[in-house]
Structures are given as C-alpha cells and as structure tokens.
Amino acid sequence: MTRKILHMLGRPRLWSRLRRRHFLWPAAIGIALAVGYNAALPLVISTTDVRPTMERMLDAWSGGKSRITGEPDIRFWPNPTLTLYGATIETTDGTPRTLARIGSITAAFSLLSALRGEPALEDIRLIEPVVTLERGADGTLNWDRPRWLAPREPTAVGDETPFGDITIENGRLQVFDRTTNYAREFPGISGTVKWPAFAGRLNAQLSSVIGGQTVSWSLACDEPLTLLAGRNTTLKTSLTSAPLNFSFDGVGNLSMKPFASGRLQVSTASLPALAAWFEGASHEGLPESSFNLNANVTTGDATLKLDDLQLSLGGATATGVLDVAIPADDTPRVEGTLAFDRIDLNGLQPLFAELPVDPEELARHMTDAFARTWRVDVRLSTQEAAIGPLRLTDVAAGVMVDHGRASLDIGDSTYANGRLSGRLVLSEAGLARGGKLALVLKDADLAAAAADFGFVGPVPTGRGSVNLDLATDHPFWTRQAADASGRLTLSLANGKLSEFDANAFSDLVRKGEFFSLLQASSGTFDFQRADIEARFSDGSARLNRATFTGPAGSLSINGVIPYRSGSLALAGTFTDTANAEQRLRFFVGGSWPNAVISPLSVLGEPN
C-alpha cells in the first residue's frame with residue numbers, strides 16, 4: 001500500500017495539481033482580505049474630517065483663507081491616500097482676492113490617526129497649483145505674513161510640523177508689480193520641498209521652463225525660519241540652465257534690505273545666447289564668448305563688494321577686487337582693481353559694425369545709459385593688450401567715468417621695446433561726439449612699429465620717440481573717425497631710411513627726367529638724425545617737416561598727403577655730401593609707395 005501511494009505521489013501531474021492547490025488558497029485569502037480592507041475602512045473612517053484638516057493646513061502655510069470645493073477621495077490600497085479637488089487660497093483683508101488655485105491635492109496619512117478622527121497628513125502633492133504674487137502701487141504684497149513667521153519662543157518652535165514633504169507638479173507662478181507695470185509668468189514648475197519641522201533643515205528642488213529653457217533651482221538652509229524672518233543664516237542656493245548658471249554658498253537673509261556674504265559663481269557658455277534668452281529674441285550683435293565670475297561677495301546698505309574676484313571673458317582672465325555702490329540719493333559708482341592676463345579691444349570694432357543701429361545713435365544711448373549715470377574708478381593691469389595694430393605688454397592703466405566725463409589712462413606699458421603712455425578722453429558731449437587721444441612712445445624700435453602698422457616703401461627705422469595727439473567728433477569705432485585732426489612728431493637717432501638708395505636717387509634727379517621711386521629702392525640711407533612733424537585734418541596730413549641728415553647727405557621733404565585717396569603732393573631737396581654746393585630739388589606725386597619723382601628742372605622747362 002505504501003508503495004502504491006508513493007508511486008501516485010511520484011506522478012508529475014498529481015504533484016503539479018497538489019502544488020497549485022497549495023498556493024491558490026493563500027493567494028485567494030490575501031486578495032479577499034485586501035478587498036475587504038479597502039471596502040470596510042471607508043465605512044469606519046469619516047471623510048468629513050479630512051477636508052477641514054487640509055484647509056487648516058493650507059491656512060497655516062499661507063496666512064490666507066482656504067476653501068476646498070471637491071469631494072474627498074480616499075484610497076487605502078496599496079497605501080492610505082487622500083485626494084482633494086478644487087482648492088483656493090484667498091486674502092483675509094475683507095476684500096477676497098485669489099492668492100492661489102490648486103487643481104488637486106494628494107496626501108498620505110496615518111491609518112491609526114484617521115481611525116481616531118484626527119488624520120495626520122504627510123507627503124503632500126500639489127497638482128497644477130497657480131500662485132499669484134503681486135506688489136501693489138503702494139509697495140505692499142498681496143500675501144500676508146503667516147502666523148508661523150511671527151516672533152515666538154524658541155521652545156515652541158519644535159512643537160509644530162506643518163510642512164513635511166511637499167511635491168509640486170506642473171505649477172505656475174504669476175508675478176505682477178504695479179509700481180513698474182512688470183508682469184511675468186513662470187509655467188511648468190515641478191519639484192519638491194522637504195521641511196520636516198520648523199526647527200529642521202529645508203531642502204527645495206524646483207524646475208521650470210523659462211523662455212524655452214529648462215531652469216533648475218535648489219535651496220538648502222539649516223535654519224529656514226531665521227532666513228524667512230529676515231535674519232542672517234547659512235544657506236546654499238543654485239540656479240542651473242543652458243544659458244546661465246548661478247550658485248551662492250554663505251550667509252544671507254530675506255529682509256527688506258537683503259544681505260549676503262559668501263562665495264558667488266556666475267557663468268554662461270555664450271553671451272549672445274544669454275542675451276537672447278533675457279530679451280526673448282536673437283541677439284547677433286554680441287561676440288560669441290563665454291563669461292565666468294567667481295568671487296567672495298558681501299552686500300551692505302546699497303553696496304556690493306567682490307573680493308578674491310576671478311573673472312574670465314572669452315579668452316581673457318582677470319583677478320581683483322570691485323566695490324559697487326548704488327546709493328539712493330547719489331550717483332552709482334564702481335571702484336576697484338582688475339589684473340588681466342590679456343585684453344583684446346579689437347573685437348569691439350566688428351561688434352559695433354554689425355549692430356543694426358546707427359553708430360552715433362548707439363553712442364548716444366551708451367552715454368545716457370552709463371557714462372552720465374555712473375561713476376567709475378577702476379585700475380587695470382594686463383600682461384598683454386591689443387588695441388588696433390598695437391600689441392602692448394606690462395600695461396598699467398585706469399578707467400575714469402564721472403558725470404559724463406570718461407577717460408582711459410595708460411600710465412605705462414611696453415611697446416616695440418620702448419615705453420608707451422597715453423590717454424583717451426571721451427567728449428563731455430557724449431560718445432557720439434568722439435574725443436581726444438594722446439600717445440607718447442619713447443626710445444622704441446620704430447622698425448617693429450612700422451611693421452605693425454603695415455608701412456611699406458621708404459620708412460625710417462631705428463630707435464626713436466613718437467608723440468601723437470588726435471581729436472575727432474565721431475565715435476572712435478566708426479570710419480568717420482579717420483577724419484581726425486591732430487599732430488604727429490617723430491625723432492630718431494642713428495637710423496636708416498629703408499628702400500632708398502641716395503646715390504641712385506641723386507643720379508636720377510640730375511638726369512632731369514621723370515622716374516619712379518622704385519628705381520632708387522635698392523639700398524638704404526643711413527642718417528644720424530631724423531625729425532618729422534605733421535598735422536592732420538579733414539582726411540589729409542600736412543607734412544610740415546621731414547629732415548634726414550647722414551654721412552651721405554641730407555634729405556628734406558614737405559607737402560600734403562591726402563591719405564583717404566592715398567595720393568601724394570610733396571616737394572623736397574637732396575644735398576649730396578660729395579657735391580654740397582648743388583641742391584637737388586624735386587616734386588613727389590603719384591601714390592605711396594609707387595611715387596613718381598619729378599626733378600624741378602623738368603617742371604621748370606618751357607614747352
């Protein structure tokens with residue numbers, strides 16, 4: 001008999017049937033208990049208590065008056081969950097105005113507390129809330145100060161836990177400022193706010209879509225009540241997006257005069273993209289450049305101090321200190337020092353040329369927006385600076401702006417192995433009216449300077465000094481600025497006049513025939529001293545004096561050079577040392593460097 005039973009149990013079909021029966025009954029019992037649990041609990045737990053409980057919670061949070069119109073929906077499986085529909089928060093000043101609307105609210109609750117008739121709601125989820133923040137014409141806000149922000153005894157703070165974990169889904173913030181007629185809406189706000197107790201740590205992680213870009217914001221604070229009450233406390237906050245990144249880690253408050261002291265970081269990968277994001281339209285005027293700022297920031301009464309400043313713009317980096325003051329009854333000002341590794345001002349000219357604005361109109365706007373409304377006193381230094389064809393090193397300079405008067409002073413720099421100093425002063429009538437430029441170059445290698453400016457043909461080289469004074473009535477970045485007026489003086493000692501063969505030149509002049517200057521360009525003319533003085537006006541340079549004195553003879557030239565057309569109208573004399581009694585006189589015409597020499601004997605011959 002025993003063998004028969006064992007044989008039957010060993011049969012696969014019978015064993016499978018017994019195994020299914022073994023698991024089927026517990027599963028059926030579990031499902032039945034779950035259905036009975038979900039159906040029976042609503043009969044013993046009243047839904048009339050949950051609505052006022054949530055309204056009291058919303059009142060405590062907001063300081064307003066809350067109303068929930070929808071019927072509560074309670075589910076107990078898989079976890080006890082309450083859902084309320086149609087919540088509104090209004091002001092309590094006697095003229096009800098809507099502060100917020102919430103599509104639905106979902107919350108978890110303790111089953112034991114619900115059975116006692118006092119459901120403790122937690123893990124709140126706000127679905128499609130719309131919050132309105134408005135500042136009236138008198139400067140007051142539409143939101144009243146909630147009761148929990150009122151001064152209280154420290155021992156009572158830890159007794160209440162009204163917030164817990166709050167999740168926001170697809171929210172919207174509407175901001176109105178009646179004093180400035182500013183209006184802005186921030187849609188698609190989602191994230192979490194974790195604040196388990198008044199005395200506990202606050203962590204907020206929110207995101208939104210602003211101007212077509214996803215923006216994430218975070219805040220962490222160990223003493224959030226202290227922060228919201230307008231007193232100093234430690235905090236960390238950051239904003240992350242494709243066009244802009246911002247972070248702060250330090251001490252701050254949210255009083256009527258906000259204070260912050262800590263490490264600040266601001267960066268953007270593209271200035272045009274950032275400008276387009278702020279303005280809501282493409283911005284092709286700005287050069288494609290990144291920007292990064294990292295500094296210890298301290299704010300005061302209308303002041304901002306940036307210490308240990310690290311700044312990078314495009315390929316340039318700088319360190320230093322800046323103080324910014326914006327007093328209510330005085331002109332805003334910026335003071336400090338910045339040390340750059342390099343500065344390239346040549347990128348500004350194409351920028352201004354590409355802007356779809358009249359250059360003089362742009363200059364007027366810049367004058368009104370900054371030069372006449374700010375005071376600036378900033379000391380600059382850089383290892384290298386590019387200004388037009390100039391490549392300066394070891395530059396020490398200063399920028400001054402004071403009630404419409406603006407200047408850039410180069411106290412010292414190295415250029416062409418010499419010392420360069422100068423000053424650029426903008427017109428008090430504004431950027432549209434140009435200004436004055438003065439440069440002094442001492443003991444420099446003028447061959448290197450001539451190469452930088454692209455001079456060709458007979459050019460004096462050697463060590464010497466240059467003084468340049470220019471003035472223009474047009475913005476410096478426009479072509480009209482080339483019509484500047486001014487004066488240039490140049491003096492050299494023991495140099496050479498390149499591409500000028502004095503012997504070949506004198507022989508060609510004596511022949512009494514027209515010839516090209518290129519016919520006498522196979523040598524150089526050594527001189528012991530050279531002096532040049534010219535004046536500029538209306539697109540022409542009047543060469544008052546250009547004398548070269550050397551062992552082989554002396555050369556003197558004067559006349560007019562209309563440099564806009566590139567033409568020449570000069571008269572000169574050459575005295576050969578070997579034949580000092582004979583002064584060779586000639587006229588220079590044509591264009592530079594293909595000048596045509598006309599001996600005076602040819603010009604004086606009768607027809």
# chains A, B, ... in the order shown; residues from 1 in each chain; ligands from 1
>>> residues_around(residues="region 419-422 of chain A", least_positions_apart="3", cutoff="8 Å", atoms="only C-alpha atoms", output="MDAnalysis selection string")
chainID A and resid 409:415 437:444
>>> atom_distance(atom1="CA of Leu306 (chain A)", atom2="CA of Ser218 (chain A)")
23.2 Å
>>> closest_residue(among="A:Ala569, A:Gly495, A:Phe514, A:Phe340", to="Pro551 (chain A)", atoms="only C-alpha atoms")
A:Gly495
>>> residues_around(residues="region 235-247 of chain A", least_positions_apart="4", cutoff="8 Å", atoms="only C-alpha atoms", output="PyMOL selection string")
chain A and resi 213-222+251-252+264-270+273-274+277
>>> residues_around(residues="Asp323 (chain A)", least_positions_apart="3", cutoff="6 Å", atoms="only C-alpha atoms", output="number ranges by chain")
A: 304-305, 334-336
>>> closest_residue(among="A:Gly454, A:Gly435, A:Pro327, A:Gly300", to="Gly388 (chain A)", atoms="only C-alpha atoms")
A:Gly454
>>> residues_around(residues="Asp73 (chain A)", least_positions_apart="3", cutoff="8 Å", atoms="only C-alpha atoms", output="NGL selection string")
:A and (82-84)
